>>> print(open('input.txt').read())   # compact mmCIF, C-alpha atoms
# COMPACT_ATOMS: atom_id res chain seq x y z
CA MET A 1113 -188.11 97.39 -140.41
CA ASP A 1114 -190.41 96.87 -143.37
CA PHE A 1115 -190.23 100.49 -144.39
CA VAL A 1116 -186.44 100.54 -144.39
CA LEU A 1117 -186.21 97.23 -146.21
CA THR A 1118 -188.70 98.21 -148.90
CA HIS A 1119 -186.68 101.29 -149.71
CA TYR A 1120 -183.17 100.11 -148.97
CA GLN A 1121 -180.71 100.84 -151.75
CA GLU A 1122 -177.04 100.27 -151.40
CA GLY A 1123 -174.98 103.45 -151.35
CA LYS A 1124 -177.98 105.73 -150.84
CA PHE A 1125 -178.12 108.20 -147.95
CA ASP A 1126 -174.33 108.22 -147.76
CA THR A 1127 -173.64 110.82 -145.07
CA GLN A 1128 -169.99 111.19 -145.97
CA LYS A 1129 -170.71 111.88 -149.63
CA ALA A 1130 -173.58 114.18 -148.78
CA LEU A 1131 -171.42 116.20 -146.43
CA GLN A 1132 -168.77 116.51 -149.10
CA ARG A 1133 -171.40 117.68 -151.58
CA PHE A 1134 -172.67 120.18 -149.04
CA ASN A 1135 -169.21 121.50 -148.24
CA GLU A 1136 -168.36 121.84 -151.91
CA ALA A 1137 -171.58 123.69 -152.61
CA HIS A 1138 -170.80 126.12 -149.81
CA GLY A 1139 -167.11 126.52 -150.48
CA ILE A 1140 -166.12 124.90 -147.23
CA VAL A 1141 -162.77 123.16 -147.67
CA ARG A 1142 -161.66 120.75 -145.01
CA LYS A 1143 -160.48 117.63 -146.75
CA PRO A 1144 -157.01 117.59 -148.31
CA ARG A 1145 -157.41 118.14 -152.03
CA ARG A 1146 -156.37 115.41 -154.37
CA ARG A 1147 -153.10 116.47 -155.91
CA VAL A 1148 -151.75 115.27 -159.20
CA LEU A 1149 -148.00 115.25 -159.00
CA PRO A 1150 -145.34 115.70 -160.28
CA TRP A 1151 -144.67 119.09 -161.76
CA VAL A 1152 -147.40 118.97 -164.43
CA SER A 1153 -149.87 120.22 -161.85
CA GLY A 1154 -147.85 123.45 -161.80
CA VAL A 1155 -148.80 126.03 -159.25
CA ALA A 1156 -150.99 123.68 -157.30
CA ALA A 1157 -148.17 121.34 -156.39
CA ALA A 1158 -146.93 121.81 -152.87
CA ALA A 1159 -143.83 123.95 -152.68
CA ALA A 1160 -141.98 121.35 -150.66
CA ALA A 1161 -142.67 118.64 -153.20
CA VAL A 1162 -141.49 120.86 -156.03
CA ILE A 1163 -138.22 121.58 -154.25
CA LEU A 1164 -137.66 117.90 -153.64
CA CYS A 1165 -138.43 117.00 -157.23
CA VAL A 1166 -135.96 119.58 -158.51
CA PHE A 1167 -133.36 118.37 -156.10
CA LEU A 1168 -133.79 114.78 -157.16
CA PHE A 1169 -133.62 115.64 -160.84
CA ARG A 1170 -129.95 116.22 -160.72
CA ASP A 1171 -128.77 112.66 -160.66
CA ASN A 1172 -130.50 112.22 -164.01
CA GLU A 1173 -132.65 109.36 -162.67
CA GLN A 1174 -135.63 111.71 -162.37
CA GLN A 1175 -136.82 110.27 -159.10
CA ILE A 1176 -140.16 111.58 -157.96
CA LEU A 1177 -140.99 111.78 -154.30
CA LEU A 1178 -144.51 111.99 -152.92
CA MET A 1179 -145.09 112.60 -149.25
CA ALA A 1180 -147.85 113.22 -146.73
CA ASP A 1181 -147.14 115.33 -143.66
CA ALA A 1182 -149.77 115.79 -140.97
CA GLN A 1183 -152.73 114.37 -142.90
CA ALA A 1184 -153.27 111.42 -145.19
CA LYS A 1185 -152.96 112.54 -148.82
CA GLU A 1186 -154.15 111.12 -152.12
CA PHE A 1187 -152.04 111.07 -155.25
CA VAL A 1188 -152.54 109.81 -158.78
CA LEU A 1189 -149.47 108.29 -160.39
CA PRO A 1190 -148.74 108.68 -164.13
CA ASP A 1191 -150.12 105.19 -164.85
CA GLY A 1192 -153.45 106.05 -163.22
CA THR A 1193 -152.75 104.25 -159.95
CA GLU A 1194 -154.23 106.01 -156.94
CA VAL A 1195 -152.24 106.13 -153.74
CA THR A 1196 -153.32 107.36 -150.31
CA LEU A 1197 -150.28 108.03 -148.17
CA ALA A 1198 -150.69 107.86 -144.40
CA PRO A 1199 -149.34 110.79 -142.37
CA GLY A 1200 -145.54 110.87 -142.39
CA SER A 1201 -145.18 108.39 -145.28
CA LYS A 1202 -143.18 108.70 -148.50
CA LEU A 1203 -143.37 107.04 -151.89
CA THR A 1204 -140.68 107.36 -154.59
CA TYR A 1205 -140.59 106.20 -158.18
CA SER A 1206 -138.56 107.05 -161.25
CA GLU A 1207 -140.16 108.77 -164.17
CA LYS A 1208 -139.01 106.02 -166.52
CA SER A 1209 -140.73 103.24 -164.58
CA PRO A 1210 -143.58 104.71 -162.54
CA ARG A 1211 -144.88 101.24 -161.60
CA ASN A 1212 -141.70 100.54 -159.74
CA THR A 1213 -142.05 102.27 -156.40
CA ALA A 1214 -140.34 102.45 -153.04
CA LEU A 1215 -142.33 103.05 -149.88
CA GLU A 1216 -141.42 104.37 -146.47
CA GLY A 1217 -144.33 104.19 -144.03
CA LYS A 1218 -147.90 103.24 -144.85
CA ALA A 1219 -149.98 103.60 -148.01
CA TYR A 1220 -153.18 102.37 -149.60
CA PHE A 1221 -153.06 101.59 -153.34
CA GLU A 1222 -155.66 101.29 -156.06
CA VAL A 1223 -153.47 100.01 -158.84
CA ALA A 1224 -154.45 100.68 -162.43
CA ARG A 1225 -154.56 97.39 -164.29
CA ASP A 1226 -151.77 96.63 -166.73
CA GLU A 1227 -151.15 92.95 -167.41
CA ALA A 1228 -147.88 93.66 -169.16
CA VAL A 1229 -146.26 95.72 -166.43
CA PRO A 1230 -146.69 94.56 -162.84
CA PHE A 1231 -146.84 97.22 -160.16
CA GLU A 1232 -144.10 96.79 -157.58
CA ILE A 1233 -143.48 98.22 -154.15
CA THR A 1234 -140.18 97.74 -152.42
CA SER A 1235 -139.43 98.75 -148.89
CA ASP A 1236 -136.79 97.87 -146.39
CA GLY A 1237 -137.48 94.16 -145.85
CA ALA A 1238 -140.71 93.75 -147.82
CA PHE A 1239 -141.67 93.36 -151.45
CA VAL A 1240 -145.09 93.47 -153.10
CA ARG A 1241 -146.04 92.78 -156.72
CA VAL A 1242 -149.49 93.17 -158.32
CA LEU A 1243 -151.29 93.57 -161.61
CA GLY A 1244 -154.27 95.70 -160.70
CA THR A 1245 -156.00 95.76 -157.35
CA LYS A 1246 -156.68 97.61 -154.10
CA PHE A 1247 -154.62 97.04 -151.01
CA MET A 1248 -152.70 98.59 -148.16
CA VAL A 1249 -149.01 98.24 -147.34
CA ASP A 1250 -147.68 99.16 -143.92
CA ALA A 1251 -143.91 99.17 -144.11
CA GLY A 1252 -143.60 101.67 -141.30
CA SER A 1253 -142.72 99.44 -138.37
CA SER A 1254 -140.57 96.35 -137.93
CA VAL A 1255 -143.59 94.18 -138.71
CA LYS A 1256 -144.65 94.79 -142.32
CA GLU A 1257 -148.29 94.37 -143.16
CA VAL A 1258 -150.34 94.04 -146.33
CA TYR A 1259 -154.15 94.17 -146.42
CA VAL A 1260 -155.92 93.42 -149.72
CA THR A 1261 -159.38 94.79 -150.48
CA GLU A 1262 -159.62 93.63 -154.09
CA GLY A 1263 -157.69 91.50 -156.58
CA LYS A 1264 -154.51 89.51 -156.09
CA VAL A 1265 -151.23 90.53 -154.51
CA LEU A 1266 -147.88 88.82 -154.11
CA PHE A 1267 -146.22 89.65 -150.79
CA ALA A 1268 -142.64 88.59 -150.06
CA LYS A 1269 -139.52 89.64 -148.21
CA SER A 1270 -137.71 90.59 -151.41
CA SER A 1271 -138.25 90.26 -155.15
CA ASP A 1272 -136.41 86.92 -155.28
CA SER A 1273 -137.71 85.28 -152.09
CA GLU A 1274 -140.69 83.02 -151.61
CA GLY A 1275 -143.95 84.88 -151.03
CA VAL A 1276 -147.66 84.46 -150.37
CA ILE A 1277 -150.53 85.35 -152.68
CA LEU A 1278 -153.22 87.42 -151.01
CA THR A 1279 -156.73 88.00 -152.32
CA LYS A 1280 -159.78 90.01 -151.22
CA ASP A 1281 -159.95 90.75 -147.49
CA MET A 1282 -156.78 88.85 -146.71
CA GLN A 1283 -154.12 90.26 -144.48
CA ALA A 1284 -150.55 89.08 -143.90
CA THR A 1285 -147.71 90.26 -141.71
CA LEU A 1286 -143.97 89.85 -142.05
CA SER A 1287 -141.66 90.29 -139.10
CA GLU A 1288 -137.90 90.49 -139.35
CA SER A 1289 -137.46 86.91 -138.20
CA ASP A 1290 -139.89 85.49 -140.79
CA ALA A 1291 -138.67 84.38 -144.20
CA VAL A 1292 -142.21 84.21 -145.59
CA PRO A 1293 -145.19 86.42 -144.63
CA VAL A 1294 -147.78 84.93 -142.30
CA VAL A 1295 -151.41 85.09 -143.40
CA ALA A 1296 -153.75 86.28 -140.65
CA MET A 1297 -156.63 83.94 -139.82
CA GLU A 1298 -158.95 86.80 -138.97
CA PRO A 1299 -157.99 89.92 -140.88
CA ASP A 1300 -158.62 93.19 -139.08
CA VAL A 1301 -160.83 95.32 -141.36
CA ASN A 1302 -159.98 98.33 -139.28
CA SER A 1303 -156.34 98.29 -140.32
CA ILE A 1304 -157.43 100.32 -143.34
CA ALA A 1305 -159.79 102.56 -141.32
CA TRP A 1306 -157.48 105.54 -141.81
CA GLN A 1307 -157.87 105.23 -145.58
CA ARG A 1308 -161.55 104.34 -145.70
CA GLY A 1309 -162.39 107.00 -143.14
CA SER A 1310 -164.52 104.69 -141.03
CA PHE A 1311 -164.38 101.84 -138.55
CA ILE A 1312 -166.41 98.71 -139.09
CA PHE A 1313 -167.40 96.53 -136.17
CA ASP A 1314 -169.25 93.27 -136.41
CA LYS A 1315 -170.25 91.89 -133.04
CA THR A 1316 -166.95 93.16 -131.73
CA PRO A 1317 -166.55 93.17 -127.93
CA LEU A 1318 -166.29 96.71 -126.55
CA LYS A 1319 -162.84 95.89 -125.22
CA ASP A 1320 -161.57 95.31 -128.79
CA VAL A 1321 -163.47 98.30 -130.13
CA LEU A 1322 -161.70 100.57 -127.65
CA GLU A 1323 -158.36 99.00 -128.43
CA THR A 1324 -158.83 99.77 -132.13
CA LEU A 1325 -159.89 103.34 -131.40
CA SER A 1326 -157.04 103.76 -128.98
CA GLU A 1327 -154.48 102.68 -131.60
CA HIS A 1328 -155.97 105.01 -134.16
CA TYR A 1329 -156.38 108.12 -132.03
CA ARG A 1330 -153.59 107.47 -129.53
CA VAL A 1331 -155.81 107.96 -126.48
CA SER A 1332 -156.63 105.51 -123.75
CA PHE A 1333 -160.07 104.68 -122.43
CA ALA A 1334 -161.83 103.32 -119.40
CA ALA A 1335 -165.28 101.82 -119.74
CA THR A 1336 -167.93 99.67 -118.12
CA ASP A 1337 -169.30 96.41 -119.60
CA LEU A 1338 -166.30 95.56 -121.76
CA ASP A 1339 -167.91 92.37 -123.00
CA LYS A 1340 -170.88 94.03 -124.70
CA GLN A 1341 -170.77 93.66 -128.47
CA LEU A 1342 -170.91 96.39 -131.05
CA SER A 1343 -171.86 96.23 -134.74
CA GLY A 1344 -171.97 98.97 -137.31
CA GLU A 1345 -169.89 101.48 -139.21
CA PHE A 1346 -168.53 104.64 -137.62
CA TYR A 1347 -166.95 107.54 -139.46
CA ALA A 1348 -163.44 108.15 -138.26
CA GLU A 1349 -163.41 111.91 -138.26
CA ASP A 1350 -164.72 112.69 -134.82
CA LEU A 1351 -163.74 110.57 -131.85
CA ASP A 1352 -166.14 112.23 -129.41
CA LEU A 1353 -169.04 111.55 -131.72
CA ILE A 1354 -168.05 107.89 -132.06
CA ILE A 1355 -167.78 107.62 -128.28
CA SER A 1356 -171.20 109.14 -127.71
CA LEU A 1357 -172.74 106.88 -130.36
CA ILE A 1358 -171.25 103.81 -128.74
CA GLU A 1359 -172.37 104.96 -125.30
CA SER A 1360 -175.96 105.32 -126.41
CA ALA A 1361 -176.00 102.19 -128.57
CA LEU A 1362 -174.64 99.93 -125.85
CA ASP A 1363 -175.84 101.85 -122.81
CA VAL A 1364 -172.34 102.04 -121.33
CA HIS A 1365 -170.13 104.78 -119.98
CA ILE A 1366 -166.75 105.48 -121.58
CA ILE A 1367 -164.08 107.81 -120.20
CA LYS A 1368 -161.20 109.18 -122.27
CA ARG A 1369 -157.89 109.38 -120.45
CA MET B 42 -180.54 108.74 -126.13
CA PRO B 43 -178.41 111.81 -125.50
CA GLN B 44 -178.62 114.23 -128.41
CA PRO B 45 -176.12 117.03 -128.28
CA ASP B 46 -177.61 119.84 -130.28
CA ASN B 47 -176.63 123.44 -130.10
CA ASN B 48 -173.24 122.81 -128.60
CA ILE B 49 -172.09 120.68 -131.55
CA ASN B 50 -170.61 122.09 -134.73
CA PHE B 51 -172.37 122.16 -138.06
CA ASP B 52 -170.44 119.18 -139.44
CA ASP B 53 -171.61 117.00 -136.61
CA LEU B 54 -175.14 118.33 -136.91
CA PHE B 55 -174.93 117.12 -140.49
CA ARG B 56 -173.34 113.75 -139.72
CA TYR B 57 -175.62 113.06 -136.82
CA ASN B 58 -178.89 113.84 -138.56
CA TYR B 59 -178.40 113.46 -142.29
CA ARG B 60 -179.54 109.88 -142.64
CA PRO B 61 -182.46 110.15 -140.17
CA LEU B 62 -183.66 113.25 -142.02
CA CYS B 63 -183.46 111.41 -145.34
CA LEU B 64 -185.60 108.62 -143.93
CA TYR B 65 -188.01 111.16 -142.47
CA ALA B 66 -188.38 112.71 -145.95
CA LEU B 67 -188.64 109.28 -147.55
CA HIS B 68 -191.83 108.61 -145.57
CA TYR B 69 -193.46 111.52 -147.37
CA LEU B 70 -191.86 111.25 -150.78
CA GLN B 71 -191.17 107.54 -151.31
CA ASP B 72 -188.20 108.61 -153.45
CA ALA B 73 -184.64 108.34 -152.14
CA ASP B 74 -182.94 110.80 -154.53
CA LEU B 75 -185.59 113.43 -154.02
CA SER B 76 -185.34 112.96 -150.25
CA GLU B 77 -181.58 113.52 -150.37
CA ASP B 78 -182.05 116.71 -152.39
CA ILE B 79 -184.61 118.08 -149.97
CA VAL B 80 -182.41 117.33 -146.97
CA GLN B 81 -179.47 119.05 -148.69
CA GLU B 82 -181.64 122.10 -149.40
CA SER B 83 -182.77 122.22 -145.80
CA TYR B 84 -179.22 122.11 -144.48
CA ALA B 85 -178.30 124.83 -146.97
CA ALA B 86 -181.16 127.00 -145.76
CA LEU B 87 -180.13 126.52 -142.14
CA TRP B 88 -176.50 127.23 -143.01
CA GLU B 89 -177.43 130.50 -144.71
CA LYS B 90 -179.61 131.50 -141.80
CA LEU B 91 -176.79 130.88 -139.35
CA GLN B 92 -174.33 132.74 -141.59
CA GLU B 93 -176.63 135.73 -141.44
CA GLY B 94 -176.30 135.56 -137.68
CA ALA B 95 -179.78 134.27 -136.94
CA HIS B 96 -180.27 132.49 -133.65
CA VAL B 97 -181.93 129.10 -133.98
CA LEU B 98 -183.02 127.68 -130.67
CA ASN B 99 -183.10 124.00 -131.59
CA ARG B 100 -181.31 123.35 -134.84
CA LYS B 101 -182.31 119.71 -135.05
CA SER B 102 -186.04 120.38 -134.67
CA TYR B 103 -185.70 123.25 -137.08
CA LEU B 104 -184.19 120.89 -139.66
CA TYR B 105 -187.01 118.38 -139.23
CA MET B 106 -189.53 121.17 -139.63
CA MET B 107 -187.90 122.46 -142.80
CA VAL B 108 -187.64 119.00 -144.30
CA ARG B 109 -191.31 118.31 -143.57
CA ASN B 110 -192.45 121.64 -145.03
CA ARG B 111 -190.41 121.14 -148.16
CA CYS B 112 -191.78 117.63 -148.60
CA LEU B 113 -195.34 118.88 -148.23
CA ASP B 114 -194.65 121.73 -150.68
CA HIS B 115 -193.33 119.27 -153.17
CA LEU B 116 -196.37 117.03 -152.84
CA ARG B 117 -198.75 119.99 -153.11
CA LYS B 118 -197.04 121.10 -156.32
CA LYS B 119 -197.65 117.66 -157.70
CA GLY B 120 -201.31 118.02 -156.77
CA ILE B 121 -201.33 115.48 -154.00
CA PRO B 122 -203.63 116.44 -151.11
CA THR B 123 -201.52 116.86 -147.99
CA GLU B 124 -204.09 117.49 -145.24
CA SER B 125 -204.15 113.86 -144.34
CA LEU B 126 -200.38 113.44 -144.49
CA LYS B 127 -199.43 113.22 -140.85
CA PRO B 128 -196.63 110.93 -139.68
CA TYR B 129 -198.22 107.67 -138.68
CA ASP B 130 -197.22 104.21 -137.66
CA THR B 131 -199.15 101.00 -137.27
CA TYR B 132 -200.91 102.38 -134.17
CA GLY B 133 -202.06 105.62 -135.77
CA ILE B 134 -200.78 109.17 -135.97
CA ILE B 135 -197.54 109.79 -134.07
CA ASP B 136 -196.22 113.11 -132.81
CA ASP B 137 -193.12 114.97 -134.02
CA ASP B 138 -190.80 113.65 -131.34
CA ASP B 139 -191.80 110.09 -132.07
CA ALA B 140 -191.38 110.66 -135.80
CA GLN B 141 -187.84 111.92 -135.17
CA GLU B 142 -187.11 108.99 -132.93
CA ARG B 143 -188.46 106.61 -135.54
CA SER B 144 -186.28 108.17 -138.25
CA GLN B 145 -183.24 107.75 -136.06
CA THR B 146 -184.02 104.13 -135.42
CA GLU B 147 -184.60 103.54 -139.12
CA ALA B 148 -181.33 105.28 -139.93
CA ARG B 149 -179.53 102.93 -137.56
CA LEU B 150 -181.12 99.96 -139.28
CA TRP B 151 -180.11 101.34 -142.68
CA THR B 152 -176.53 101.74 -141.40
CA ALA B 153 -176.57 98.23 -140.01
CA ILE B 154 -177.69 96.83 -143.38
CA ASP B 155 -174.90 98.85 -145.04
CA SER B 156 -172.37 97.31 -142.72
CA LEU B 157 -173.36 93.71 -143.48
CA PRO B 158 -170.81 91.73 -145.48
CA GLU B 159 -171.51 92.16 -149.19
CA LYS B 160 -172.76 88.66 -149.97
CA CYS B 161 -174.82 88.53 -146.82
CA ARG B 162 -176.48 91.85 -147.65
CA GLU B 163 -177.20 90.80 -151.22
CA VAL B 164 -178.95 87.62 -150.09
CA PHE B 165 -180.82 89.44 -147.34
CA ILE B 166 -182.08 92.19 -149.64
CA LEU B 167 -183.17 89.76 -152.34
CA SER B 168 -185.17 87.93 -149.73
CA LYS B 169 -186.65 90.74 -147.66
CA ARG B 170 -186.92 93.60 -150.12
CA ASP B 171 -187.51 91.79 -153.38
CA GLY B 172 -189.45 88.94 -151.82
CA LEU B 173 -187.55 86.18 -153.59
CA LYS B 174 -187.84 82.65 -152.26
CA TYR B 175 -184.74 80.95 -150.84
CA GLU B 176 -184.68 78.63 -153.85
CA GLU B 177 -184.84 81.55 -156.28
CA ILE B 178 -182.00 83.37 -154.53
CA ALA B 179 -179.92 80.22 -154.47
CA GLU B 180 -180.40 79.79 -158.20
CA GLU B 181 -179.76 83.43 -159.05
CA LEU B 182 -176.54 83.64 -157.05
CA GLY B 183 -175.36 80.08 -157.61
CA LEU B 184 -175.47 79.21 -153.90
CA SER B 185 -176.98 76.31 -152.03
CA VAL B 186 -180.33 76.87 -150.33
CA ASN B 187 -178.62 76.14 -147.05
CA THR B 188 -176.10 78.93 -147.59
CA VAL B 189 -178.93 81.34 -148.38
CA ARG B 190 -180.72 80.35 -145.19
CA ASN B 191 -177.54 80.77 -143.16
CA GLN B 192 -176.75 84.18 -144.65
CA ILE B 193 -180.23 85.43 -143.86
CA SER B 194 -180.17 84.27 -140.28
CA LYS B 195 -176.69 85.77 -139.95
CA ALA B 196 -177.99 89.09 -141.31
CA LEU B 197 -180.94 89.08 -138.92
CA LYS B 198 -178.66 88.35 -136.01
CA VAL B 199 -176.23 91.15 -136.89
CA LEU B 200 -179.06 93.64 -137.44
CA LYS B 201 -180.75 92.65 -134.23
CA GLU B 202 -177.61 93.26 -132.24
CA GLY B 203 -176.64 96.37 -134.16
CA VAL B 204 -179.87 98.28 -133.97
CA GLN B 205 -180.48 98.44 -130.23
CA LYS B 206 -182.80 96.61 -127.93
CA LEU B 207 -185.56 99.08 -128.62
CA TYR B 208 -185.97 97.64 -132.05
CA THR B 209 -185.93 93.95 -131.28
CA PHE B 210 -189.70 93.55 -131.23
CA PHE B 211 -189.71 93.92 -135.00
CA PHE B 212 -187.81 90.70 -135.25
CA ALA B 213 -189.66 88.77 -132.62
>>> encode(input="input.txt", output="structure tokens")
Amino acid sequence: MDFVLTHYQEGKFDTQKALQRFNEAHGIVRKPRRRVLPWVSGVAAAAAAVILCVFLFRDNEQQILLMADAQAKEFVLPDGTEVTLAPGSKLTYSEKSPRNTALEGKAYFEVARDEAVPFEITSDGAFVRVLGTKFMVDAGSSVKEVYVTEGKVLFAKSSDSEGVILTKDMQATLSESDAVPVVAMEPDVNSIAWQRGSFIFDKTPLKDVLETLSEHYRVSFAATDLDKQLSGEFYAEDLDLIISLIESALDVHIIKR
Amino acid sequence: MPQPDNNINFDDLFRYNYRPLCLYALHYLQDADLSEDIVQESYAALWEKLQEGAHVLNRKSYLYMMVRNRCLDHLRKKGIPTESLKPYDTYGIIDDDDAQERSQTEARLWTAIDSLPEKCREVFILSKRDGLKYEEIAEELGLSVNTVRNQISKALKVLKEGVQKLYTFFFA
């Protein structure tokens, strides 16, 4: 205890970063590379994206489409905003106004700050406006969700309807029957696990832990001692490893089904 | 605790043991950056060995051995006598298995501190690492003394639950 505390430094001994450093040093490529689209990135741009860009050019609007297929992908928009698209999601914007985007599916944004030009995201039945901040939008299902990790975000049904202002670690959902988004009393930090690459549990009952994992990995579980509580951070890349860590930490037995 | 070793892939070997190895090195070197470098080098050496087709019976123990040797080399180069540098705890010299076990426990504690809410961690570290009094922390962060006290007891509670029963005697 004393030893760890004496030497503790935030951000040190970061396994994820270290592994990345190791893989880079040894030419092992696993993570999707960050791509800078549109066409300026030339050869590196995915063939599919290029075809779509060309196709969309024709109506003179110069719409740019970004998409992620099987894996989450990171993009940098022309204004410096970073977007991580969840698998199967799409983001479009026009070249003339790159801070005016349309989203299908789920994405995490780190918006470059520009007081003069708000960043806007429109999707079917949800509207989000920000200046510069970090947050997630899930417009993929009938219930739209926004989770804010930094800054201030306006979340509404459309650009002219009444909305709610969300700040750090606030989460709100909007179902089709709601006129105004509902702010969650206890935001679920693991709703951005796919972007952060890890799950965080804080005295979470095993039953809820397994539910979160089950949603993320689409597997079901059976376990003993569902009331035991788990705390800590678990990297999302390897389910079996997470399971074995939980089993040894809580002294329980978990079966995947 | 069950420790899959040779049937896990290299990535997992890295993820599973990186932080414990860093803490193991830290006991010798007292320098976090240097410890990280030495652990990286050790993984690289193991990786190259495996690429060459070498058979390593117990990769985890091999890593601990390499990290220890590299730490001792480093200290020798700096002219620090290393004969007396055996892993020890408050009860005296401990053997290799115990040193590994200790590093794993310490790594879990480190992870648990990482996973504390930001404000809570800040208060906790100022108190326990930097030895500030509650009043001093309250003044520095613009909080009430009561809030500081609450954050610290919250931190202790979370850590206690997060770091396994085995470790609870440290908090008793």
>>> residues_near_point(input="input.txt", point="(-174.4, 125.6, -150.5)", cutoff="10 Å", atoms="all atoms listed in the file", output="ChimeraX atom specification")
/A:1133-1140 /B:81-82,84-86,88-89
>>> residues_near_point(input="input.txt", point="(-184.0, 80.2, -147.9)", cutoff="7 Å", atoms="all atoms listed in the file", output="JSON, numbers by chain")
{"B": [174, 175, 176, 186, 187, 189, 190]}
>>> write_last_selection(input="input.txt", atoms="C-alpha atoms", output="mmCIF file, in the coordinates of the input")
data_model
loop_
_atom_site.group_PDB
_atom_site.id
_atom_site.type_symbol
_atom_site.label_atom_id
_atom_site.label_comp_id
_atom_site.auth_asym_id
_atom_site.auth_seq_id
_atom_site.Cartn_x
_atom_site.Cartn_y
_atom_site.Cartn_z
ATOM 1 C CA LYS B 174 -187.840 82.650 -152.260
ATOM 2 C CA TYR B 175 -184.740 80.950 -150.840
ATOM 3 C CA GLU B 176 -184.680 78.630 -153.850
ATOM 4 C CA VAL B 186 -180.330 76.870 -150.330
ATOM 5 C CA ASN B 187 -178.620 76.140 -147.050
ATOM 6 C CA VAL B 189 -178.930 81.340 -148.380
ATOM 7 C CA ARG B 190 -180.720 80.350 -145.190
#
>>> closest_residue(input="input.txt", among="B:Ser168, B:Glu77, B:Glu93, B:Ile154", to="Tyr65 (chain B)", atoms="only C-alpha atoms")
B:Glu77
>>> closest_residue(input="input.txt", among="A:Pro1317, A:Gly1252, A:Phe1247, A:Ser1287", to="Lys1202 (chain A)", atoms="only C-alpha atoms")
A:Gly1252
>>> atom_distance(input="input.txt", atom1="CA of Tyr105 (chain B)", atom2="CA of Gln141 (chain B)")
7.7 Å
>>> closest_atom_pairs(input="input.txt", of="chain A", to="chain B", cutoff="7 Å", atoms="all atoms listed in the file", output="tab-separated table")
residue	atom	partner	partner_atom	distance
A:Met1113	CA	B:Phe211	CA	6.6
A:Val1116	CA	B:Glu147	CA	6.3
A:Leu1117	CA	B:Arg170	CA	5.4
A:Thr1118	CA	B:Arg170	CA	5.1
A:Glu1122	CA	B:Asp155	CA	6.9
A:Phe1125	CA	B:Arg60	CA	5.7
A:Thr1127	CA	B:Arg56	CA	6.1
A:Leu1131	CA	B:Phe55	CA	7.0
A:Phe1134	CA	B:Gln81	CA	6.9
A:Leu1342	CA	B:Gly203	CA	6.5
A:Ser1343	CA	B:Gly203	CA	4.8
A:Gly1344	CA	B:Ala153	CA	5.4
A:Glu1345	CA	B:Ser156	CA	6.0
A:Ser1360	CA	B:Met42	CA	5.7
A:Ala1361	CA	B:Gln205	CA	6.1
>>> atom_distance(input="input.txt", atom1="CA of Ala140 (chain B)", atom2="CA of Ile1366 (chain A)")
28.9 Å
>>> residues_around(input="input.txt", residues="Asp138 (chain B)", least_positions_apart="4", cutoff="9 Å", atoms="only C-alpha atoms", output="PyMOL selection string")
chain B and resi 102+142-143
>>> closest_residue(input="input.txt", among="A:Leu1177, A:Leu1338, A:Val1223, A:Met1248", to="Asp1191 (chain A)", atoms="all atoms listed in the file")
A:Val1223
>>> atom_distance(input="input.txt", atom1="CA of Gly1192 (chain A)", atom2="CA of Ala1224 (chain A)")
5.5 Å
>>> residues_around(input="input.txt", residues="Leu113 (chain B)", least_positions_apart="2", cutoff="10 Å", atoms="only C-alpha atoms", output="number ranges by chain")
B: 66, 69-70, 107-111, 115-119, 121-124, 126
>>> axis_aligned_box(input="input.txt", around="region 106-112 of chain B", padding_each_side="6 Å", output="lines of an AutoDock Vina configuration file")
center_x = -190.0
center_y = 120.0
center_z = -144.1
size_x = 16.8
size_y = 16.8
size_z = 21.0
>>> decode(input="input.txt", residues="region 1328-1344 of chain A", atoms="C-alpha atoms", output="PDB file, in the first residue's frame")
ATOM      1  CA  HIS A1328     -21.324  -5.253 -25.456  1.00  0.00           C
ATOM      2  CA  TYR A1329     -20.228  -8.703 -26.593  1.00  0.00           C
ATOM      3  CA  ARG A1330     -23.660 -10.162 -27.364  1.00  0.00           C
ATOM      4  CA  VAL A1331     -23.131 -13.284 -25.255  1.00  0.00           C
ATOM      5  CA  SER A1332     -25.082 -14.464 -22.274  1.00  0.00           C
ATOM      6  CA  PHE A1333     -23.675 -15.592 -18.952  1.00  0.00           C
ATOM      7  CA  ALA A1334     -24.493 -17.692 -15.953  1.00  0.00           C
ATOM      8  CA  ALA A1335     -22.727 -17.067 -12.668  1.00  0.00           C
ATOM      9  CA  THR A1336     -22.737 -17.672  -8.947  1.00  0.00           C
ATOM     10  CA  ASP A1337     -22.921 -14.925  -6.284  1.00  0.00           C
ATOM     11  CA  LEU A1338     -24.597 -12.286  -8.440  1.00  0.00           C
ATOM     12  CA  ASP A1339     -24.678  -9.805  -5.581  1.00  0.00           C
ATOM     13  CA  LYS A1340     -20.917  -9.561  -5.117  1.00  0.00           C
ATOM     14  CA  GLN A1341     -19.564  -6.149  -6.051  1.00  0.00           C
ATOM     15  CA  LEU A1342     -16.829  -5.356  -8.517  1.00  0.00           C
ATOM     16  CA  SER A1343     -14.651  -2.246  -8.832  1.00  0.00           C
ATOM     17  CA  GLY A1344     -11.940  -1.464 -11.321  1.00  0.00           C
TER      18      GLY A1344
END
